[in-house]
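Here the structure comes first, spelled out in structure tokens, and everything after it is commentary.
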Amino acid sequence: MANAATETLEVVLEARSITKIFPGVIANENVNLKLNKGEILALLGENGAGKTTLMNILYGLYHQDSGEIYVHGQPVRIKSPSDSIAMGIGMVHQHFQLVPVMTVAENIALGNERMRRGRLDLASVRQRILELSKRYGLDVDPDAYVKDLSVGQQQRVEIIKALYKNASILILDEPTAVLTPQEADELFVVLRELKQQGTSIIFITHKLREVFAVADRIMVLRRGKVVGETTPDQATRESLAEMMVGRAVILQVEKQTREPGAPVLVVEELTVDDDRGHQVVNGVSFAVCAGEVLGIAGVQGNGQSELVEALTGLRAVKGGRVSVLGNNLSGALPRRIFEAEVGHVPEDRQEHGLVLSYSVADNLVLNRYYQPPFAKGIVLNQEHILENAEKRIKEYDIRTPGPEVPVATLSGGNKQKVIIARELSRPLKLLIAAQPTRGVDVGSIEFIHQQIINERDSGTAVLLVSAELDEIMALSDRIAVMYKGKIVAVLPAASATREQLGLLMAGSDAPLIEPAGVKHEHLAPGETH
Amino acid sequence: MTKRREIADGMKTRIAPLLASVQARLGPLAGMLRPILVPFLAVVSALMIGAIVIAISGRNPLLAYAGLIDGSWGSGRAIAGTLVRMTPYVFGGLAVALAFRAGLFNIGGEGQLLLGTLAGAWVGYQLALPAVIHLPLALLAGVLAGFIWGGIPGFLKSRTGAHEVITTIMLNYLAIGLAGWLLNDNRLMKDPSPTNVIARTPLIAESAHLPALIPGQDAYPSASAAPEIVHWGVVLAVLATIAASFFLWRTVWGFEVRTVGANPSAGRYAGINVPRVITLIMGVSGALAGLGGAIQVTAVNYRAILGFNVGYGFDAIAIALLGKNNPFGVLLAALLFASLRSGSTRMQSLSGVNADIIAVIQALILIFVAADQLVRWLYRIRARGLEERTTLTRGWGR
């Protein structure tokens with residue numbers, strides 16, 4: 001500790017040998033972390049590596065089983081978020097904690113309301129917000145309603161909220177998950193500005209690109225332990241991926257070009273409402289051909305989720321037509337679509353894809369339980385269900401203690417593999433995969449991507465919806481960009497660039513748009529729609 | 001104060017390792033016993049508090065409990081009484097448990113059972129048929145009436161999102177009102193015999209009687225007090241338990257019911273017609289309660305009487321909870337509740353403790369089961385892994 005180099009750095013936050021054990025899992029094991037004043041520390045790790053647990057301990061949401069925390073050199077006990085806030089620690093959660101129908105100023109005042117002559121004093125709050133946004137280059141209108149703000153702007157409100165409470169240490173949990181590449185770049189500018197002015201930042205991510213863009217120092221967690229510390233100068237994408245996973249990882253998906261076949265899924269002028277009755281898919285038309293992957297890129301919340309739900313029968317079709325191999329499936333029930341050999345990897349695996357309390361074996365037949373050989377008449381055949389499970393567990397490398405374990409006990413990646421195994425282990429004409437690798441570890445991503453490409457190569461039409469641009473670019477043959485419920489462009493994947501897609505996702509009219517009506521080109525000559 | 005706490009702590013620290021060692025010794029059996037550990041401790045705790053209450057009231061708790069056991073299990077006659085009382089509890093408990101498995105809270109067992117008695121009695125006294133047809137028809141009438149009375153809230157839930165807790169409670173009142181109207185008017189269902197002043201139906205035909213499994217008259221020839229007979233309904237209750245268990249875990253329908261209960265969104269994704277499952281399982285739940293009612297009529301009362309068979313539908317909720325919505329658990333819980341009820345008279349006569357203490361004990365059991373964290377905390381049991389959580393009830397809407 002006495003060496004000269006460390007003395008010049010002021011350690012603002014230190015965690016020493018933090019251990020946190022949940023029933024059956026060691027979430028953090030002897031984790032040491034040091035954050036210097038005015039630095040951006042990237043905390044890198046797969047899902048389930050213990051990043052969020054560690055941050056929740058620092059923020060006071062959990063309490064460590066052993067280990068100490070020091071803030072500005074003083075040992076502290078953080079019992080609740082109000083303790084950590086008092087110590088100058090602020091956290092920006094992945095899911096924003098904002099009230100949509102209130103203004104920015106009201107949201108920021110929330111919980112720290114000041115009264116003046118018996119009335120809420122918002123004027124001073126507005127004043128502080130303007131000061132803070134000027135000082136850090138965080139452009140936010142204090143009088144705007146949160147519901148009218150873009151996701152990137154809402155995130156800025158969250159950051160200002162933390163700064164308003166005098167946070168000098170900021171923890172950002174996967175802040176770029178909901179942003180376009182451009183918005184992410186803007187966030188990085190803000191983070192650098194904050195850093196310049198002495199704020200210390202912990203930035204949680206699993207995206208390698210971002211680490212290089214913004215971090216001063218990188219700490220990698222794997223299975224609850226710190227497995228490495230490095231800097232962007234010394235690390236490479238490959239070396240970081242290897243640290244995260246524990247073995248060498250192929251980051252590029254190997255994919256041969258392939259001539260697409262006849263159209264399988266044809267969508268014409270589809271309109272869909274969301275839960276509140278607002279039309280969020282506004283007349284979308286496209287076709288996916290056999291043996292091709294059509295990727296739908298877009299920032300979350302531009303109608304992709306509703307589009308997928310309408311295509312798979314989970315949401316009503318308001319207008320337009322959906323057909324699979326000429327079979328009209330507009331508004332069909334999920335079972336009919338399933339029986340038309342359409343596989344569906346749902347966006348939210350906890351909500352739709354799995355029954356968490358069910359065993360792995362039962363989840364592997366979740367939509368096929370009524371068909372032979374899993375059922376004979378109305379009686380379930382447990383033997384076949386188990387036999388099927390054992391086969392799939394091997395084939396798809398599902399890491400589970402056994403087929404009869406509740407699926408809830410599996411890691412995110414393995415849960416997703418259960419769904420992939422269930423959907424891909426039957427003959428398919430069309431695969432609809434929504435966010436197939438969300439919250440999945442790098443090792444499983446590699447595997448799942450390969451499975452999707454194999455499915456394409458076997459002649460299945462694949463519709464891929466993902467918020468991860470890297471994933472879209474790696475897997476797709478063609479890329480459709482969705483913005484505000486419309487497909488604003490369809491581009492060949494080979495020539496599309498990140499920048500171009502990013503601009504389209506943000507709704508700006510790039511000059512290179514292939515017209516949205518491009519679907520007609522892809523209708524095979526014999527098609528008569 | 002401190003001393004009491006010391007004793008309490010001492011008890012806890014002693015009980016926990018004891019339980020652990022028992023578990024360790026039982027080995028693989030412990031895995032099977034684990035799910036019944038909390039209900040078992042809930043019952044033990046309730047009985048202990050009940051003992052304290054009895055002691056405070058100046059009676060001897062040991063004598064009271066000895067009377068309870070003697071009155072429910074001390075003689076053939078006592079056992080017969082317990083088994084007969086168990087029967088409607090089993091049907092009611094299964095009804096609630098099946099609905100629970102689909103994530104639905106059927107509070108309407110009371111009304112469904114009542115309609116079952118009315119329908120069973122009507123077929124019983126109105127028709128003249130050979131026994132092979134008449135008895136099944138009377139039971140079937142109970143099943144059908146219960147199915148309709150349970151199916152209505154299911155249908156309303158799946159179509160409009162009306163919460164089944166509200167609609168089943170409402171239908172209970174409707175059923176009670178309906179019974180009062182039908183049984184008080186001799187142009188309708190009231191026993192028209194000129195001497196009758198009671199709100200009840202005529203006696204059902206003998207061809208609609210559910211026969212005795214162990215005839216009471218033979219076993220107890222000195223029929224001074226009404227001898228208890230064990231009727232075939234007891235067997236039907238056990239069969240229903242086995243059938244419910246098979247239905248839940250071995251059939252396609254059971255898979256659908258459990259999926260809808262565990263995760264309705266995943267059910268929709270899996271192609272299950274969730275509204276239909278909700279309607280039908282509520283109907284089946286009501287049908288079980290209705291069958292329980294029809295059995296009471298055809299085997300015990302031989303007529304429907306206003307104000308008889310009251311409270312089974314509500315006790316059934318406690319039984320389903322105590323049985324953790326497992327059909328065999330329900331059977332055990334029903335047996336326990338029946339024992340408490342049938343032993344209470346003997347307890348009162350032996351120890352002078354008012355039989356109402358049973359209601360207190362039942363309520364305590366319910367509290368301990370519903371707030372199982374309390375039991376876990378009292379006995380220092382760690383929740384291990386992910387146990388199947390029971391969805392008591394969901395929010396409003398679909």
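Lettering and numbering for the structure tokens are positional, with chains as A, B, ... in the shown order, residues counted from 1 in each chain, and ligands counted from 1 in the shown order.
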Write out as a Markdown table the residues of chain A that have any atom within 6 Å of an atom of chain B, one row each with the nearest atom pair and its distance in Å to one decimal, counting only C-alpha atoms, sorted by chain and then rising number.
```
| residue | atom | partner | partner_atom | distance |
| --- | --- | --- | --- | --- |
| A:Pro334 | CA | B:Gly271 | CA | 4.9 |
| A:Arg335 | CA | B:Gly271 | CA | 4.2 |
| A:His352 | CA | B:Ala266 | CA | 4.1 |
| A:Gly353 | CA | B:Ala266 | CA | 5.9 |
| A:Val355 | CA | B:Asn263 | CA | 6.0 |
| A:Leu366 | CA | B:Ala270 | CA | 5.9 |
| A:Asn367 | CA | B:Ala270 | CA | 4.2 |
| A:Tyr370 | CA | B:Val252 | CA | 5.9 |
| A:Ile378 | CA | B:Val252 | CA | 5.2 |
| A:Val379 | CA | B:Thr251 | CA | 4.3 |
| A:Leu380 | CA | B:Thr251 | CA | 5.1 |
```
With C-alpha atoms kept, could you save the residues just selected as a PDB file, in the first residue's frame?
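Done, and the output landed in part07.pdb:
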```
ATOM      1  CA  PRO A 334     -50.986 -20.300 -30.713  1.00  0.00           C
ATOM      2  CA  ARG A 335     -51.647 -24.013 -31.041  1.00  0.00           C
ATOM      3  CA  HIS A 352     -43.812 -17.055 -21.762  1.00  0.00           C
ATOM      4  CA  GLY A 353     -41.109 -19.550 -22.441  1.00  0.00           C
ATOM      5  CA  VAL A 355     -42.925 -22.587 -16.208  1.00  0.00           C
ATOM      6  CA  LEU A 366     -44.390 -27.557 -22.636  1.00  0.00           C
ATOM      7  CA  ASN A 367     -46.184 -27.205 -25.970  1.00  0.00           C
ATOM      8  CA  TYR A 370     -50.543 -33.565 -25.621  1.00  0.00           C
ATOM      9  CA  ILE A 378     -55.281 -38.133 -22.112  1.00  0.00           C
ATOM     10  CA  VAL A 379     -52.643 -39.913 -20.065  1.00  0.00           C
ATOM     11  CA  LEU A 380     -49.146 -38.496 -19.967  1.00  0.00           C
TER      12      LEU A 380
END
```
Open item on the list: If we count only C-alpha atoms and set the cut-off at 9 Å, which residues sit around Val101 of chain A, ignoring sequence neighbours fewer than 6 positions away in its own chain? Please answer as a PyMOL selection string.
Closed with: chain A and resi 145-148
Output C-alpha atoms for every residue in the selection just made, as an mmCIF file, in the first residue's frame.
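Listing of out_19.cif after writing:
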```
data_model
loop_
_atom_site.group_PDB
_atom_site.id
_atom_site.type_symbol
_atom_site.label_atom_id
_atom_site.label_comp_id
_atom_site.auth_asym_id
_atom_site.auth_seq_id
_atom_site.Cartn_x
_atom_site.Cartn_y
_atom_site.Cartn_z
ATOM 1 C CA TYR A 145 -43.009 14.965 -18.805
ATOM 2 C CA VAL A 146 -41.008 11.786 -18.448
ATOM 3 C CA LYS A 147 -43.431 9.876 -20.661
ATOM 4 C CA ASP A 148 -42.565 12.214 -23.540
#
```
TODO: Rank nothing, just name the residue among B:Val360, B:Ala42, B:Leu213, B:Ala131 nearest to Gly233 of chain B, using only C-alpha atoms.
DONE: B:Leu213
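Take the candidates A:Ile69, A:Leu44, A:Val214, A:Val104 and check each one against Ala15 of chain A using only C-alpha atoms; the shortest distance goes to A:Ile69.
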TODO: Pick out the residues sitting within 8 Å of Ile108 of chain A, and hand them over as a PyMOL selection string; count only C-alpha atoms, and ignore anything fewer than 6 positions along from it in its own chain.
DONE: chain A and resi 125+157+160-161+164
Could you save those same residues with N, CA and C atoms as a compact mmCIF listing (two decimals), in the first residue's frame?
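Resulting contents of selection-v6.txt:
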```txt
# COMPACT_ATOMS: atom_id res chain seq x y z
N VAL A 125 -35.71 23.10 -7.20
CA VAL A 125 -35.33 21.84 -7.85
C VAL A 125 -34.98 22.11 -9.31
N VAL A 157 -32.13 11.61 -16.98
CA VAL A 157 -32.88 12.03 -15.79
C VAL A 157 -32.44 11.19 -14.59
N ILE A 160 -29.12 12.46 -13.45
CA ILE A 160 -29.27 13.74 -12.73
C ILE A 160 -29.86 13.50 -11.36
N LYS A 161 -30.78 12.54 -11.29
CA LYS A 161 -31.39 12.22 -10.00
C LYS A 161 -30.31 11.82 -8.99
N TYR A 164 -28.20 14.87 -8.20
CA TYR A 164 -28.98 15.79 -7.38
C TYR A 164 -28.84 15.43 -5.90
```
TODO: For atom CA of Thr205 of chain A and atom CA of Asp173 of chain A, quote the distance in Å rounded to one decimal.
DONE: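 Interatomic distance, atom CA of Thr205 of chain A to atom CA of Asp173 of chain A: 7.1 Å.
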Open item on the list: Between atom CA of Ile204 of chain B and atom CA of Met86 of chain B, what is the distance in Å, rounded to a tenth?
Closed with: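 Atom-to-atom, atom CA of Ile204 of chain B to atom CA of Met86 of chain B, that is 22.7 Å.
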Task: Spatial neighbours of Ile295 of chain B, max dist 9 Å, only C-alpha atoms, sep filter under 2 positions, as a VMD selection string - done: chain B and resid 87 to 88 116 to 117 120 138 to 139 142 210 233 290 to 293 297 to 300
Generate a file of the selected residues that holds C-alpha atoms, formatted as a compact mmCIF listing (two decimals), in the first residue's frame.
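Below you can see selection.txt, which holds the result:
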```
# COMPACT_ATOMS: atom_id res chain seq x y z
CA THR B 87 -66.22 -37.49 3.69
CA PRO B 88 -67.63 -34.03 2.94
CA GLY B 116 -75.51 -30.49 -4.55
CA THR B 117 -77.70 -31.42 -1.58
CA GLY B 120 -79.50 -34.82 -4.96
CA ALA B 138 -79.06 -38.55 -7.49
CA LEU B 139 -75.29 -38.30 -7.13
CA GLY B 142 -75.35 -33.17 -7.23
CA LEU B 210 -76.08 -44.74 -0.52
CA GLY B 233 -69.20 -42.29 0.52
CA GLY B 290 -71.71 -30.80 -5.20
CA LEU B 291 -70.96 -34.51 -5.06
CA GLY B 292 -69.98 -34.10 -1.42
CA GLY B 293 -73.37 -32.49 -0.81
CA VAL B 297 -78.11 -36.36 1.42
CA THR B 298 -78.05 -39.92 0.14
CA ALA B 299 -75.98 -41.40 2.95
CA VAL B 300 -76.47 -39.34 6.12
```
Task: Nearby residues (only C-alpha atoms) at most 7 Å from Glu14 of chain A, same-chain spacing under 6 positions excluded, as a PyMOL selection string - done: chain A and resi 33-35+69-71
Keeping C-alpha atoms for every residue in the selection just given, could you write it to a file as an mmCIF file, in the first residue's frame?
```cif
data_model
loop_
_atom_site.group_PDB
_atom_site.id
_atom_site.type_symbol
_atom_site.label_atom_id
_atom_site.label_comp_id
_atom_site.auth_asym_id
_atom_site.auth_seq_id
_atom_site.Cartn_x
_atom_site.Cartn_y
_atom_site.Cartn_z
ATOM 1 C CA LEU A 33 -12.782 -3.927 -5.593
ATOM 2 C CA LYS A 34 -11.172 -0.534 -5.595
ATOM 3 C CA LEU A 35 -12.516 2.553 -7.249
ATOM 4 C CA ILE A 69 -16.667 -1.790 2.632
ATOM 5 C CA TYR A 70 -14.725 1.459 2.867
ATOM 6 C CA VAL A 71 -15.933 4.783 1.552
#
```
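Going from atom CA of Asn28 of chain A to atom CA of Gly402 of chain A covers 25.3 Å.
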- [ ] Using DSSP on the backbone coordinates, identify all residues within segment 20-242 of chain A classified as strand (DSSP E or B); present the result as an MDAnalysis selection string.
- [x] chainID A and resid 20:22 25:36 40:45 66:71 74:76 89:92 103 115:116 119:120 145 169:173 200:205 217:222 225:230
Put those residues in a file: C-alpha atoms, as a CSV table (one decimal), in the first residue's frame.
```csv
chain,number,residue,atom,x,y,z
A,20,LYS,CA,-22.4,-13.3,-0.4
A,21,ILE,CA,-24.0,-16.7,-0.3
A,22,PHE,CA,-27.5,-17.4,-1.5
A,25,VAL,CA,-25.0,-20.4,-4.9
A,26,ILE,CA,-22.0,-18.4,-3.9
A,27,ALA,CA,-22.8,-15.1,-5.6
A,28,ASN,CA,-19.6,-13.3,-4.5
A,29,GLU,CA,-16.6,-15.0,-3.1
A,30,ASN,CA,-13.8,-12.9,-1.6
A,31,VAL,CA,-14.3,-10.1,-4.1
A,32,ASN,CA,-12.0,-7.1,-3.8
A,33,LEU,CA,-12.8,-3.9,-5.6
A,34,LYS,CA,-11.2,-0.5,-5.6
A,35,LEU,CA,-12.5,2.6,-7.2
A,36,ASN,CA,-10.3,5.6,-7.6
A,40,ILE,CA,-14.5,4.7,-14.9
A,41,LEU,CA,-14.3,1.1,-13.8
A,42,ALA,CA,-15.9,-1.4,-16.1
A,43,LEU,CA,-17.3,-4.4,-14.3
A,44,LEU,CA,-17.4,-7.1,-16.9
A,45,GLY,CA,-19.0,-10.5,-16.5
A,66,SER,CA,-18.6,-11.3,5.2
A,67,GLY,CA,-16.1,-8.6,4.1
A,68,GLU,CA,-15.8,-4.9,4.6
A,69,ILE,CA,-16.7,-1.8,2.6
A,70,TYR,CA,-14.7,1.5,2.9
A,71,VAL,CA,-15.9,4.8,1.6
A,74,GLN,CA,-13.7,4.9,6.3
A,75,PRO,CA,-15.1,1.5,7.1
A,76,VAL,CA,-18.9,1.7,6.7
A,89,ILE,CA,-23.2,6.6,-3.8
A,90,GLY,CA,-25.8,6.7,-6.6
A,91,MET,CA,-27.1,3.9,-8.7
A,92,VAL,CA,-28.8,4.0,-12.1
A,103,THR,CA,-42.3,16.1,-15.0
A,115,MET,CA,-41.6,22.7,1.3
A,116,ARG,CA,-41.8,26.4,1.2
A,119,ARG,CA,-46.2,24.2,-0.6
A,120,LEU,CA,-44.0,22.0,-2.7
A,145,TYR,CA,-43.0,15.0,-18.8
A,169,ILE,CA,-19.8,7.6,-7.0
A,170,LEU,CA,-22.1,6.4,-9.7
A,171,ILE,CA,-23.1,2.8,-10.3
A,172,LEU,CA,-24.6,2.2,-13.7
A,173,ASP,CA,-26.2,-1.3,-14.2
A,200,SER,CA,-16.1,8.0,-10.0
A,201,ILE,CA,-18.1,5.6,-12.0
A,202,ILE,CA,-18.7,1.8,-11.9
A,203,PHE,CA,-20.1,0.7,-15.3
A,204,ILE,CA,-21.6,-2.8,-15.4
A,205,THR,CA,-21.8,-4.4,-18.8
A,217,ARG,CA,-9.9,0.0,-15.9
A,218,ILE,CA,-11.6,-3.3,-16.3
A,219,MET,CA,-12.5,-5.9,-13.7
A,220,VAL,CA,-13.8,-9.2,-14.8
A,221,LEU,CA,-16.0,-11.4,-12.6
A,222,ARG,CA,-16.7,-15.0,-13.2
A,225,LYS,CA,-14.9,-14.3,-8.2
A,226,VAL,CA,-12.6,-11.6,-9.6
A,227,VAL,CA,-10.8,-13.4,-12.4
A,228,GLY,CA,-8.8,-10.6,-13.8
A,229,GLU,CA,-8.1,-6.9,-13.8
A,230,THR,CA,-6.8,-5.1,-16.8
```
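By only C-alpha atoms, and with residues fewer than 3 positions from segment 438-446 of chain A along its chain excluded, the set lying at most 6 Å from it is Glu46, Asn47, Gly412, Gly413, Gln435 and His449 of chain A.
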Expected file contents, prior selection, N, CA and C atoms, as a CSV table (one decimal), in the first residue's frame:
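Result file result-v8.csv:
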```csv
chain,number,residue,atom,x,y,z
A,46,GLU,N,-20.4,-12.3,-17.3
A,46,GLU,CA,-21.6,-12.9,-17.8
A,46,GLU,C,-22.7,-12.7,-16.9
A,47,ASN,N,-23.9,-13.0,-17.4
A,47,ASN,CA,-25.0,-13.0,-16.4
A,47,ASN,C,-24.8,-14.1,-15.4
A,412,GLY,N,-29.4,-18.5,-16.5
A,412,GLY,CA,-30.1,-17.9,-17.6
A,412,GLY,C,-29.8,-18.6,-18.9
A,413,GLY,N,-28.5,-18.8,-19.2
A,413,GLY,CA,-28.1,-19.4,-20.4
A,413,GLY,C,-28.7,-20.8,-20.6
A,435,GLN,N,-35.2,-11.9,-29.2
A,435,GLN,CA,-34.1,-11.7,-28.2
A,435,GLN,C,-33.6,-13.1,-27.7
A,449,HIS,N,-26.3,-19.2,-31.2
A,449,HIS,CA,-26.2,-18.6,-32.6
A,449,HIS,C,-25.9,-19.7,-33.6
```
Task: DSSP helix (DSSP H, G or I) residues within segment 156-323 of chain B, as number ranges by chain - done: B: 156-160, 164-184, 206-208, 216-219, 233-250, 252-262, 264-269, 274-301, 312-322
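For Gly137 of chain A, the set of protein, DNA and RNA residues having any atom at most 10 Å away, when counting only C-alpha atoms and skipping those fewer than 6 positions along the same chain, is Glu131, Val189, Val190, Leu191, Glu193 and Leu194 of chain A.
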